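The data block below is structure.txt; it holds compact mmCIF, N, CA, C and O atoms.
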# COMPACT_ATOMS: atom_id res chain seq x y z
N MET A 1 -11.86 16.68 28.02
CA MET A 1 -11.84 17.51 26.83
C MET A 1 -13.21 17.43 26.15
O MET A 1 -13.81 16.37 26.08
N GLY A 2 -13.62 18.55 25.63
CA GLY A 2 -14.89 18.60 24.94
C GLY A 2 -14.78 18.07 23.52
O GLY A 2 -13.68 17.93 22.97
N VAL A 3 -15.93 17.80 22.95
CA VAL A 3 -15.98 17.27 21.59
C VAL A 3 -15.39 18.28 20.60
O VAL A 3 -14.70 17.91 19.65
N GLY A 4 -15.63 19.56 20.83
CA GLY A 4 -15.10 20.59 19.94
C GLY A 4 -13.58 20.62 19.93
O GLY A 4 -12.96 20.82 18.88
N VAL A 5 -12.98 20.38 21.09
CA VAL A 5 -11.52 20.36 21.18
C VAL A 5 -10.97 19.17 20.41
O VAL A 5 -9.99 19.29 19.67
N VAL A 6 -11.61 18.01 20.58
CA VAL A 6 -11.16 16.80 19.87
C VAL A 6 -11.29 17.01 18.36
O VAL A 6 -10.39 16.66 17.60
N LEU A 7 -12.38 17.62 17.94
CA LEU A 7 -12.58 17.90 16.51
C LEU A 7 -11.52 18.87 16.00
O LEU A 7 -10.94 18.65 14.93
N ALA A 8 -11.23 19.91 16.75
CA ALA A 8 -10.23 20.89 16.33
C ALA A 8 -8.85 20.25 16.22
O ALA A 8 -8.13 20.47 15.24
N ILE A 9 -8.49 19.43 17.19
CA ILE A 9 -7.20 18.74 17.15
C ILE A 9 -7.14 17.80 15.94
O ILE A 9 -6.15 17.76 15.21
N GLY A 10 -8.22 17.07 15.71
CA GLY A 10 -8.28 16.16 14.57
C GLY A 10 -8.13 16.88 13.24
O GLY A 10 -7.38 16.45 12.36
N VAL A 11 -8.80 18.02 13.10
CA VAL A 11 -8.73 18.78 11.85
C VAL A 11 -7.32 19.34 11.64
O VAL A 11 -6.77 19.26 10.53
N VAL A 12 -6.72 19.87 12.69
CA VAL A 12 -5.35 20.40 12.58
C VAL A 12 -4.39 19.28 12.18
O VAL A 12 -3.53 19.45 11.31
N LEU A 13 -4.53 18.12 12.79
CA LEU A 13 -3.64 17.01 12.48
C LEU A 13 -3.86 16.48 11.06
O LEU A 13 -2.91 16.05 10.40
N VAL A 14 -5.09 16.52 10.59
CA VAL A 14 -5.35 16.11 9.20
C VAL A 14 -4.65 17.07 8.24
O VAL A 14 -4.02 16.64 7.27
N VAL A 15 -4.72 18.36 8.52
CA VAL A 15 -4.06 19.34 7.66
C VAL A 15 -2.55 19.12 7.66
O VAL A 15 -1.90 19.11 6.61
N VAL A 16 -1.97 18.91 8.84
CA VAL A 16 -0.53 18.67 8.93
C VAL A 16 -0.17 17.39 8.17
O VAL A 16 0.84 17.35 7.44
N GLY A 17 -0.98 16.36 8.31
CA GLY A 17 -0.72 15.11 7.59
C GLY A 17 -0.76 15.29 6.09
O GLY A 17 0.08 14.75 5.36
N LEU A 18 -1.71 16.06 5.60
CA LEU A 18 -1.79 16.33 4.17
C LEU A 18 -0.60 17.14 3.68
O LEU A 18 -0.08 16.89 2.59
N VAL A 19 -0.15 18.10 4.48
CA VAL A 19 1.02 18.90 4.12
C VAL A 19 2.23 17.98 3.96
O VAL A 19 3.00 18.10 3.00
N LEU A 20 2.41 17.03 4.89
CA LEU A 20 3.53 16.10 4.79
C LEU A 20 3.36 15.16 3.61
O LEU A 20 4.32 14.85 2.90
N LEU A 21 2.14 14.68 3.39
CA LEU A 21 1.88 13.72 2.32
C LEU A 21 2.13 14.31 0.94
O LEU A 21 2.75 13.66 0.10
N ILE A 22 1.70 15.55 0.73
CA ILE A 22 1.90 16.15 -0.60
C ILE A 22 3.21 16.95 -0.68
O ILE A 22 3.49 17.54 -1.71
N ASN A 23 3.96 16.94 0.43
CA ASN A 23 5.27 17.59 0.48
C ASN A 23 5.16 19.10 0.19
O ASN A 23 5.98 19.67 -0.53
N LEU A 24 4.16 19.74 0.76
CA LEU A 24 3.95 21.16 0.58
C LEU A 24 5.10 21.95 1.18
O LEU A 24 5.48 21.73 2.33
N PHE A 25 5.69 22.84 0.41
CA PHE A 25 6.83 23.66 0.82
C PHE A 25 8.03 22.82 1.28
O PHE A 25 8.84 23.28 2.08
N GLY A 26 8.12 21.58 0.79
CA GLY A 26 9.25 20.72 1.15
C GLY A 26 9.18 20.16 2.55
O GLY A 26 10.18 19.66 3.07
N ALA A 27 8.01 20.22 3.19
CA ALA A 27 7.87 19.75 4.57
C ALA A 27 8.17 18.26 4.69
O ALA A 27 8.83 17.82 5.63
N GLY A 28 7.70 17.48 3.74
CA GLY A 28 7.96 16.03 3.76
C GLY A 28 9.44 15.72 3.61
O GLY A 28 9.98 14.87 4.32
N ASP A 29 10.10 16.44 2.71
CA ASP A 29 11.55 16.24 2.53
C ASP A 29 12.32 16.59 3.79
O ASP A 29 13.27 15.91 4.17
N LEU A 30 11.91 17.67 4.45
CA LEU A 30 12.56 18.09 5.69
C LEU A 30 12.43 17.02 6.77
O LEU A 30 13.40 16.66 7.43
N VAL A 31 11.23 16.48 6.93
CA VAL A 31 11.01 15.44 7.94
C VAL A 31 11.81 14.19 7.59
O VAL A 31 12.42 13.57 8.47
N MET A 32 11.86 13.84 6.31
CA MET A 32 12.65 12.66 5.91
C MET A 32 14.12 12.89 6.22
O MET A 32 14.79 12.00 6.74
N ARG A 33 14.62 14.06 5.90
CA ARG A 33 16.04 14.37 6.11
C ARG A 33 16.40 14.41 7.59
O ARG A 33 17.43 13.91 8.01
N ARG A 34 15.54 15.01 8.40
CA ARG A 34 15.85 15.23 9.82
C ARG A 34 15.43 14.08 10.73
O ARG A 34 15.98 13.94 11.81
N VAL A 35 14.44 13.27 10.32
CA VAL A 35 13.89 12.26 11.24
C VAL A 35 14.02 10.85 10.69
O VAL A 35 14.69 10.00 11.29
N THR A 36 13.36 10.56 9.58
CA THR A 36 13.22 9.16 9.17
C THR A 36 14.48 8.53 8.60
O THR A 36 14.60 7.31 8.60
N THR A 37 15.43 9.32 8.12
CA THR A 37 16.65 8.72 7.56
C THR A 37 17.76 8.59 8.60
O THR A 37 18.84 8.09 8.28
N GLN A 38 17.51 9.01 9.82
CA GLN A 38 18.52 8.94 10.87
C GLN A 38 18.47 7.57 11.55
O GLN A 38 17.39 7.04 11.81
N PRO A 39 19.62 6.98 11.85
CA PRO A 39 19.63 5.71 12.57
C PRO A 39 19.14 5.88 14.01
O PRO A 39 19.36 6.93 14.62
N LEU A 40 18.47 4.88 14.51
CA LEU A 40 17.99 4.89 15.89
C LEU A 40 18.87 3.96 16.71
O LEU A 40 18.59 2.78 16.83
N GLY A 41 19.95 4.48 17.22
CA GLY A 41 20.88 3.65 17.96
C GLY A 41 21.53 2.65 17.03
O GLY A 41 22.17 3.02 16.06
N GLU A 42 21.32 1.38 17.29
CA GLU A 42 21.89 0.33 16.45
C GLU A 42 20.99 -0.03 15.27
O GLU A 42 21.40 -0.77 14.39
N LEU A 43 19.77 0.48 15.27
CA LEU A 43 18.85 0.19 14.17
C LEU A 43 19.13 1.08 12.98
O LEU A 43 19.22 2.30 13.12
N ALA A 44 19.26 0.49 11.83
CA ALA A 44 19.43 1.26 10.60
C ALA A 44 18.10 1.90 10.21
O ALA A 44 17.05 1.42 10.62
N PRO A 45 18.14 2.98 9.42
CA PRO A 45 16.88 3.55 8.94
C PRO A 45 16.10 2.48 8.17
O PRO A 45 16.66 1.69 7.43
N GLY A 46 14.81 2.47 8.37
CA GLY A 46 13.99 1.43 7.75
C GLY A 46 13.19 1.93 6.56
O GLY A 46 13.60 2.82 5.82
N PHE A 47 12.01 1.35 6.42
CA PHE A 47 11.12 1.62 5.30
C PHE A 47 10.73 3.10 5.22
O PHE A 47 10.60 3.66 4.14
N ALA A 48 10.58 3.75 6.37
CA ALA A 48 10.16 5.16 6.38
C ALA A 48 11.22 6.08 5.80
O ALA A 48 10.93 7.23 5.48
N ALA A 49 12.44 5.60 5.65
CA ALA A 49 13.51 6.43 5.07
C ALA A 49 13.40 6.53 3.55
O ALA A 49 14.05 7.36 2.94
N SER A 50 12.55 5.71 2.94
CA SER A 50 12.35 5.77 1.49
C SER A 50 11.14 6.66 1.20
O SER A 50 10.28 6.88 2.05
N ARG A 51 11.07 7.18 -0.01
CA ARG A 51 9.93 8.03 -0.40
C ARG A 51 8.61 7.24 -0.28
O ARG A 51 7.63 7.73 0.26
N ARG A 52 8.62 6.01 -0.77
CA ARG A 52 7.41 5.16 -0.70
C ARG A 52 7.02 4.90 0.75
O ARG A 52 5.85 5.00 1.12
N GLY A 53 8.00 4.58 1.57
CA GLY A 53 7.73 4.30 2.97
C GLY A 53 7.20 5.51 3.72
O GLY A 53 6.28 5.41 4.52
N PHE A 54 7.78 6.67 3.43
CA PHE A 54 7.32 7.90 4.08
C PHE A 54 5.86 8.16 3.73
O PHE A 54 5.07 8.52 4.60
N ARG A 55 5.52 7.96 2.49
CA ARG A 55 4.12 8.19 2.07
C ARG A 55 3.17 7.20 2.72
O ARG A 55 2.07 7.56 3.13
N VAL A 56 3.60 5.94 2.82
CA VAL A 56 2.75 4.92 3.46
C VAL A 56 2.52 5.29 4.93
O VAL A 56 1.40 5.23 5.43
N TYR A 57 3.59 5.68 5.62
CA TYR A 57 3.43 6.07 7.02
C TYR A 57 2.63 7.35 7.17
O TYR A 57 1.87 7.50 8.14
N ALA A 58 2.75 8.27 6.24
CA ALA A 58 1.93 9.49 6.29
C ALA A 58 0.45 9.14 6.14
O ALA A 58 -0.40 9.68 6.86
N VAL A 59 0.14 8.21 5.25
CA VAL A 59 -1.25 7.76 5.08
C VAL A 59 -1.72 7.04 6.34
O VAL A 59 -2.86 7.21 6.78
N LEU A 60 -0.85 6.25 6.93
CA LEU A 60 -1.19 5.52 8.15
C LEU A 60 -1.56 6.50 9.27
O LEU A 60 -2.60 6.35 9.92
N VAL A 61 -0.74 7.50 9.47
CA VAL A 61 -1.01 8.48 10.52
C VAL A 61 -2.23 9.32 10.16
O VAL A 61 -3.06 9.63 11.02
N LEU A 62 -2.38 9.66 8.91
CA LEU A 62 -3.53 10.42 8.46
C LEU A 62 -4.84 9.65 8.71
O LEU A 62 -5.84 10.24 9.11
N SER A 63 -4.81 8.34 8.53
CA SER A 63 -6.01 7.54 8.77
C SER A 63 -6.41 7.57 10.24
O SER A 63 -7.60 7.58 10.57
N VAL A 64 -5.43 7.60 11.14
CA VAL A 64 -5.74 7.73 12.57
C VAL A 64 -6.40 9.08 12.83
O VAL A 64 -7.35 9.18 13.61
N ARG A 65 -5.93 10.09 12.17
CA ARG A 65 -6.51 11.42 12.33
C ARG A 65 -7.94 11.46 11.80
O ARG A 65 -8.80 12.09 12.40
N VAL A 66 -8.19 10.79 10.69
CA VAL A 66 -9.55 10.72 10.16
C VAL A 66 -10.46 10.00 11.15
O VAL A 66 -11.61 10.39 11.37
N LEU A 67 -9.94 8.95 11.79
CA LEU A 67 -10.70 8.26 12.83
C LEU A 67 -11.05 9.21 13.97
O LEU A 67 -12.17 9.18 14.49
N CYS A 68 -10.10 10.05 14.38
CA CYS A 68 -10.36 11.01 15.46
C CYS A 68 -11.44 12.01 15.07
O CYS A 68 -12.33 12.31 15.87
N VAL A 69 -11.36 12.52 13.86
CA VAL A 69 -12.38 13.45 13.39
C VAL A 69 -13.74 12.75 13.33
O VAL A 69 -14.75 13.31 13.75
N GLY A 70 -13.76 11.52 12.86
CA GLY A 70 -15.01 10.76 12.82
C GLY A 70 -15.58 10.54 14.21
O GLY A 70 -16.79 10.63 14.42
N LEU A 71 -14.72 10.25 15.16
CA LEU A 71 -15.17 10.06 16.53
C LEU A 71 -15.76 11.35 17.09
O LEU A 71 -16.81 11.32 17.75
N ALA A 72 -15.13 12.46 16.81
CA ALA A 72 -15.64 13.75 17.29
C ALA A 72 -16.97 14.10 16.61
O ALA A 72 -17.85 14.70 17.22
N GLU A 73 -17.12 13.71 15.35
CA GLU A 73 -18.33 14.04 14.60
C GLU A 73 -19.56 13.25 15.06
O GLU A 73 -20.67 13.60 14.71
N THR A 74 -19.36 12.18 15.84
CA THR A 74 -20.52 11.39 16.30
C THR A 74 -21.49 12.25 17.09
O THR A 74 -22.68 11.96 17.14
N ALA A 75 -21.00 13.31 17.72
CA ALA A 75 -21.88 14.19 18.49
C ALA A 75 -22.68 15.13 17.61
O ALA A 75 -23.68 15.70 18.07
N TYR A 76 -22.27 15.31 16.37
CA TYR A 76 -22.93 16.29 15.50
C TYR A 76 -23.74 15.66 14.37
O TYR A 76 -24.89 16.01 14.16
N PHE A 77 -23.13 14.77 13.61
CA PHE A 77 -23.78 14.24 12.41
C PHE A 77 -23.36 12.79 12.23
O PHE A 77 -22.27 12.50 11.72
N LEU A 78 -24.20 11.89 12.67
CA LEU A 78 -23.86 10.47 12.74
C LEU A 78 -23.53 9.84 11.38
O LEU A 78 -22.55 9.08 11.29
N PRO A 79 -24.26 10.12 10.29
CA PRO A 79 -23.88 9.50 9.01
C PRO A 79 -22.48 9.88 8.55
O PRO A 79 -21.72 9.02 8.08
N LEU A 80 -22.10 11.15 8.70
CA LEU A 80 -20.75 11.57 8.33
C LEU A 80 -19.72 10.91 9.24
O LEU A 80 -18.68 10.44 8.78
N ALA A 81 -20.04 10.84 10.52
CA ALA A 81 -19.13 10.21 11.48
C ALA A 81 -18.91 8.74 11.14
O ALA A 81 -17.77 8.25 11.16
N ALA A 82 -19.98 8.04 10.80
CA ALA A 82 -19.86 6.63 10.44
C ALA A 82 -19.00 6.45 9.20
O ALA A 82 -18.14 5.56 9.15
N ALA A 83 -19.21 7.31 8.22
CA ALA A 83 -18.40 7.23 6.99
C ALA A 83 -16.93 7.49 7.28
O ALA A 83 -16.06 6.76 6.80
N LEU A 84 -16.63 8.50 8.09
CA LEU A 84 -15.25 8.81 8.43
C LEU A 84 -14.61 7.67 9.21
O LEU A 84 -13.44 7.32 8.98
N LEU A 85 -15.35 7.08 10.14
CA LEU A 85 -14.82 5.97 10.92
C LEU A 85 -14.52 4.76 10.03
O LEU A 85 -13.47 4.11 10.18
N ILE A 86 -15.41 4.47 9.10
CA ILE A 86 -15.20 3.33 8.20
C ILE A 86 -14.01 3.59 7.28
O ILE A 86 -13.13 2.74 7.12
N VAL A 87 -13.96 4.76 6.68
CA VAL A 87 -12.84 5.10 5.77
C VAL A 87 -11.52 5.09 6.54
O VAL A 87 -10.52 4.54 6.07
N GLY A 88 -11.51 5.69 7.72
CA GLY A 88 -10.30 5.72 8.52
C GLY A 88 -9.83 4.33 8.92
O GLY A 88 -8.64 4.02 8.85
N ALA A 89 -10.76 3.48 9.34
CA ALA A 89 -10.39 2.13 9.75
C ALA A 89 -9.88 1.29 8.58
O ALA A 89 -8.89 0.57 8.71
N LEU A 90 -10.57 1.37 7.44
CA LEU A 90 -10.11 0.62 6.26
C LEU A 90 -8.75 1.09 5.78
O LEU A 90 -7.86 0.28 5.47
N THR A 91 -8.57 2.40 5.73
CA THR A 91 -7.29 2.94 5.30
C THR A 91 -6.18 2.55 6.26
O THR A 91 -5.08 2.18 5.84
N PHE A 92 -6.47 2.58 7.55
CA PHE A 92 -5.48 2.19 8.55
C PHE A 92 -5.08 0.72 8.36
O PHE A 92 -3.89 0.39 8.38
N GLY A 93 -6.06 -0.14 8.15
CA GLY A 93 -5.77 -1.57 7.96
C GLY A 93 -4.92 -1.82 6.72
O GLY A 93 -3.92 -2.56 6.78
N ILE A 94 -5.28 -1.22 5.62
CA ILE A 94 -4.54 -1.42 4.37
C ILE A 94 -3.13 -0.84 4.47
O ILE A 94 -2.15 -1.48 4.09
N ALA A 95 -3.01 0.37 5.02
CA ALA A 95 -1.69 1.00 5.15
C ALA A 95 -0.80 0.22 6.11
O ALA A 95 0.42 0.13 5.91
N THR A 96 -1.38 -0.38 7.14
CA THR A 96 -0.60 -1.19 8.08
C THR A 96 0.01 -2.39 7.38
O THR A 96 1.19 -2.71 7.57
N VAL A 97 -0.79 -3.08 6.57
CA VAL A 97 -0.28 -4.25 5.84
C VAL A 97 0.85 -3.83 4.90
O VAL A 97 1.89 -4.50 4.82
N ILE A 98 0.67 -2.73 4.19
CA ILE A 98 1.71 -2.25 3.27
C ILE A 98 2.97 -1.86 4.03
O ILE A 98 4.09 -2.18 3.61
N ALA A 99 2.81 -1.19 5.19
CA ALA A 99 3.97 -0.78 5.98
C ALA A 99 4.74 -1.99 6.51
O ALA A 99 5.97 -2.02 6.47
N ILE A 100 4.04 -2.99 6.99
CA ILE A 100 4.71 -4.19 7.50
C ILE A 100 5.46 -4.90 6.38
O ILE A 100 6.61 -5.30 6.54
N ALA A 101 4.81 -5.03 5.23
CA ALA A 101 5.48 -5.67 4.08
C ALA A 101 6.71 -4.87 3.66
O ALA A 101 7.76 -5.44 3.36
N GLY A 102 6.61 -3.56 3.67
CA GLY A 102 7.75 -2.71 3.31
C GLY A 102 8.89 -2.82 4.31
O GLY A 102 10.06 -2.85 3.93
N GLU A 103 8.56 -2.89 5.59
CA GLU A 103 9.60 -3.04 6.62
C GLU A 103 10.31 -4.39 6.48
O GLU A 103 11.52 -4.47 6.61
N VAL A 104 9.55 -5.44 6.20
CA VAL A 104 10.15 -6.76 6.01
C VAL A 104 11.06 -6.75 4.78
O VAL A 104 12.18 -7.25 4.81
N GLU A 105 10.59 -6.15 3.71
CA GLU A 105 11.38 -6.04 2.48
C GLU A 105 12.68 -5.25 2.73
O GLU A 105 13.75 -5.65 2.28
N THR A 106 12.57 -4.16 3.46
CA THR A 106 13.75 -3.35 3.77
C THR A 106 14.72 -4.11 4.66
O THR A 106 15.92 -4.09 4.44
N TYR A 107 14.20 -4.80 5.66
CA TYR A 107 15.06 -5.57 6.57
C TYR A 107 15.80 -6.67 5.82
O TYR A 107 16.99 -6.88 6.04
N ARG A 108 15.10 -7.35 4.94
CA ARG A 108 15.74 -8.42 4.16
C ARG A 108 16.80 -7.87 3.21
O ARG A 108 17.74 -8.57 2.85
N GLY A 109 16.65 -6.63 2.80
CA GLY A 109 17.61 -6.04 1.87
C GLY A 109 18.85 -5.45 2.53
O GLY A 109 19.78 -5.05 1.84
N LEU A 110 18.86 -5.40 3.86
CA LEU A 110 20.01 -4.85 4.57
C LEU A 110 21.20 -5.78 4.43
O LEU A 110 21.06 -7.00 4.50
N LYS A 111 22.36 -5.20 4.27
CA LYS A 111 23.60 -6.00 4.23
C LYS A 111 24.04 -6.24 5.66
O LYS A 111 24.15 -5.32 6.46
N ARG A 112 24.30 -7.48 5.95
CA ARG A 112 24.70 -7.81 7.33
C ARG A 112 26.12 -8.22 7.40
O ARG A 112 26.77 -8.69 6.61
Kindly present the structure from the file in structure tokens form.
Amino acid sequence: MGVGVVLAIGVVLVVVGLVLLINLFGAGDLVMRRVTTQPLGELAPGFAASRRGFRVYAVLVLSVRVLCVGLAETAYFLPLAAALLIVGALTFGIATVIAIAGEVETYRGLKR
């Protein structure tokens, strides 16, 4: 795949991530209702089934998309690419810690 294709995919995914994050046209609510609140076999819905959890996971996925755009930008403008890679990596790290803490909190709160 060419760099332009990777950039285009990254940009489209960033837009989709933002639509879910800000709940544009109820898209976030729809995904929560249809996907994240459904049990996965014997597993109960977890942290992503809550509004806070959904937003944390949306930020987590969005940060991966920013990393992809940054990676694609290395061929065009290195300072912008470096900034995107740093922002994406930091955001991914912070969102991961928050998501793990939220999953642990949700698991501990389950009635057994």
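Note that the spacing between atom C of A:Tyr76 and atom CA of A:Leu21 amounts to 28.4 Å.
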Inset, instruction - Determine which residues of chain A DSSP labels as alpha helix (DSSP H) from the backbone of this structure, then write them out as number ranges by chain. - result: A: 3-22, 27-31, 51-73, 78-109
If we count all atoms listed in the file and set the cut-off at 7 Å, which residues sit around A:Ala81, ignoring sequence neighbours fewer than 6 positions away in its own chain? Please answer as a short mmCIF file (atom, residue, chain, number, x, y, z; two decimals) with N, CA, C and O atoms, keeping the file's coordinate frame.
data_model
loop_
_atom_site.label_atom_id
_atom_site.label_comp_id
_atom_site.auth_asym_id
_atom_site.auth_seq_id
_atom_site.Cartn_x
_atom_site.Cartn_y
_atom_site.Cartn_z
N VAL A 66 -8.19 10.79 10.69
CA VAL A 66 -9.55 10.72 10.16
C VAL A 66 -10.46 10.00 11.15
O VAL A 66 -11.61 10.39 11.37
N LEU A 67 -9.94 8.95 11.79
CA LEU A 67 -10.70 8.26 12.83
C LEU A 67 -11.05 9.21 13.97
O LEU A 67 -12.17 9.18 14.49
N VAL A 69 -11.36 12.52 13.86
CA VAL A 69 -12.38 13.45 13.39
C VAL A 69 -13.74 12.75 13.33
O VAL A 69 -14.75 13.31 13.75
N GLY A 70 -13.76 11.52 12.86
CA GLY A 70 -15.01 10.76 12.82
C GLY A 70 -15.58 10.54 14.21
O GLY A 70 -16.79 10.63 14.42
N LEU A 71 -14.72 10.25 15.16
CA LEU A 71 -15.17 10.06 16.53
C LEU A 71 -15.76 11.35 17.09
O LEU A 71 -16.81 11.32 17.75
N ALA A 72 -15.13 12.46 16.81
CA ALA A 72 -15.64 13.75 17.29
C ALA A 72 -16.97 14.10 16.61
O ALA A 72 -17.85 14.70 17.22
N GLU A 73 -17.12 13.71 15.35
CA GLU A 73 -18.33 14.04 14.60
C GLU A 73 -19.56 13.25 15.06
O GLU A 73 -20.67 13.60 14.71
N THR A 74 -19.36 12.18 15.84
CA THR A 74 -20.52 11.39 16.30
C THR A 74 -21.49 12.25 17.09
O THR A 74 -22.68 11.96 17.14
N VAL A 87 -13.96 4.76 6.68
CA VAL A 87 -12.84 5.10 5.77
C VAL A 87 -11.52 5.09 6.54
O VAL A 87 -10.52 4.54 6.07
#
Inset, instruction - Please identify all polymer residues within 7 Å of A:Val56, counting all atoms listed in the file, omitting same-chain residues fewer than 6 positions from it, and present them as a ChimeraX atom specification. - result: /A:50,62,95-96,98-99
Legend entry - Distance criterion (only C-alpha atoms): nearest to A:Asn23 out of A:Ala58, A:Leu110, A:Ile94, A:Ala75: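 Counting only C-alpha atoms, the residue closest to A:Asn23 is A:Ala58.
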Legend entry - atom C of A:Ala82 to atom O of A:Val5, distance in Å rounded to a single decimal: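 So the answer is 18.9 Å.
Here atom CA of A:Val11 is placed at a distance of 25.7 Å from atom N of A:Ala49.
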Legend entry - Nearest residue to A:Gly28 from the set A:Leu13, A:Val61, A:Ala8, A:Ala48 (distances using all atoms listed in the file): A:Ala48
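For the residues A:Leu78, A:Ala89, A:Arg65, A:Ile100, ranking by smallest atom-to-atom distance to A:Val12 using only C-alpha atoms places A:Arg65 first.
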Specify the axis-aligned box that encloses all atoms of stretch 80-99 of chain A listed in the file after padding of 6 Å on each side, stating its centre and edge lengths in Å to one decimal as lines of an AutoDock Vina configuration file.
center_x = -8.1
center_y = 3.5
center_z = 7.4
size_x = 40.1
size_y = 28.1
size_z = 20.2
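Across A:Ile22, A:Val97, A:Ile86, A:Met32, the tightest approach to A:Gly46 is made by A:Met32 when counting only C-alpha atoms.
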Inset, instruction - Go through A:Phe25, A:Arg51, A:Cys68, A:Val59 one by one, measure the shortest atom-to-atom distance of each to A:Ile9 using all atoms listed in the file, and give the residue with the smallest value. - result: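 Closest candidate: A:Cys68.
Considering the residues A:Gly17, A:Phe47, A:Val64, A:Phe54 and counting only N, CA, C and O atoms, A:Thr106 has its shortest atom-to-atom contact with A:Phe47.
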